[in-house]
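Below: the structure, in structure tokens.
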Amino acid sequence: MLPFVLRVKSDAQTCCMVEHTFPQEPFRECYENRSTTSMDNQTVICIHKCYYEAIGMFSADGKLQTESYFKYRDALDPTLRDSFSFSLKVCANILFKLIKQNVTDWSKMRCSPLPYLFNRCLMEVGIANCPAERWMNCELK
């Protein structure tokens, strides 16, 4: 069983009426296979890397699979497509700059943080650009 913290909705789902259609089972498998008693940042990053590879959003060599994200975007409700398209552009640009500037020595990490960082960015930019008709008047903590 997943811990409570992994079963609650994200801020994006709580504040911006969005139901993500990413499959849950691969996340459970990645969590069960990679979780540790300490659950440090690197473990969380490895779980997310495993998950985004399993659902085809990133390749095993760490490359963003843009066609998979476009397919996901195209399946969204029309009210969310523009916001998600904007998020994709912003976050791809940030990811490119991180890679280009070699912000940190990722070779010292157990797993590439790129899948986690990219998808975290999509969530944050998505909240900031939630269509008015989807906003649920919540307070972000």
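Letters A, B, ... mark the chains of the structure tokens in the order given; residue numbers begin at 1 per chain; ligand numbers begin at 1, in order shown.
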
In chain A, what's strand (DSSP E or B) per DSSP? Answer as an MDAnalysis selection string? chainID A and resid 16 58 64 135

What would the file look like if the residues just selected were written as a compact mmCIF listing (two decimals), in the first residue's frame with all heavy atoms?
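Listing of again.txt after writing:
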# COMPACT_ATOMS: atom_id res chain seq x y z
N CYS A 16 -6.79 23.55 -9.32
CA CYS A 16 -7.16 23.69 -10.72
C CYS A 16 -7.82 22.38 -11.12
O CYS A 16 -7.17 21.34 -11.09
CB CYS A 16 -5.92 23.96 -11.57
SG CYS A 16 -6.29 24.33 -13.30
N PHE A 58 9.65 9.90 -20.85
CA PHE A 58 11.10 10.05 -20.98
C PHE A 58 11.66 8.71 -21.42
O PHE A 58 11.14 7.66 -21.06
CB PHE A 58 11.75 10.45 -19.64
CG PHE A 58 11.73 11.93 -19.38
CD1 PHE A 58 10.59 12.57 -18.95
CD2 PHE A 58 12.87 12.70 -19.59
CE1 PHE A 58 10.55 13.93 -18.73
CE2 PHE A 58 12.85 14.07 -19.37
CZ PHE A 58 11.68 14.68 -18.95
N LEU A 64 13.53 13.64 -23.26
CA LEU A 64 12.13 14.00 -23.23
C LEU A 64 11.45 13.47 -24.48
O LEU A 64 11.94 13.66 -25.59
CB LEU A 64 12.02 15.54 -23.18
CG LEU A 64 10.65 16.16 -23.19
CD1 LEU A 64 9.93 15.87 -21.89
CD2 LEU A 64 10.78 17.67 -23.39
N TRP A 135 -10.43 27.13 -12.01
CA TRP A 135 -9.88 27.47 -10.69
C TRP A 135 -10.93 27.23 -9.62
O TRP A 135 -12.09 27.58 -9.77
CB TRP A 135 -9.41 28.92 -10.67
CG TRP A 135 -8.67 29.24 -9.41
CD1 TRP A 135 -9.12 29.98 -8.36
CD2 TRP A 135 -7.36 28.81 -9.05
NE1 TRP A 135 -8.17 30.05 -7.39
CE2 TRP A 135 -7.07 29.33 -7.77
CE3 TRP A 135 -6.40 28.02 -9.70
CZ2 TRP A 135 -5.87 29.10 -7.11
CZ3 TRP A 135 -5.20 27.80 -9.03
CH2 TRP A 135 -4.95 28.33 -7.77

Pick out the residues sitting within 8 Å of Lys49 in chain A, and hand them over as a ChimeraX atom specification; count only C-alpha atoms, and ignore anything fewer than 2 positions along from it in its own chain. /A:45-47,51-53,58,111-116

Min atom-atom distance to Asn41 in chain A from the set A:Gly126, A:Met109, A:Gly62, A:Pro131, counting only C-alpha atoms, belongs to A:Met109

Selection near Ile99 in chain A, 12 Å with only C-alpha atoms, sequence-local residues under 4 positions removed, as a list in words: Gly62, Lys63, Ala92, Asn93, Ile94, Leu95, Val103, Thr104, Asp105, Trp106, Ser112, Pro113, Leu114, Leu117 and Phe118 of chain A

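Restricting the calculation to only C-alpha atoms, the smallest distance between Asn129 in chain A and any of A:Thr43, A:Leu88, A:Leu98, A:Arg110 is found for A:Leu88.
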
Option closest in space to Leu76 in chain A, from A:Cys15, A:Asn137, A:His20, A:Tyr31 [counting only C-alpha atoms]: A:His20

Report the residues of chain A whose backbone DSSP state falls under alpha helix (DSSP H), written as a PyMOL selection string. chain A and resi 11-15+25-34+41-54+66-75+78-101+114-128
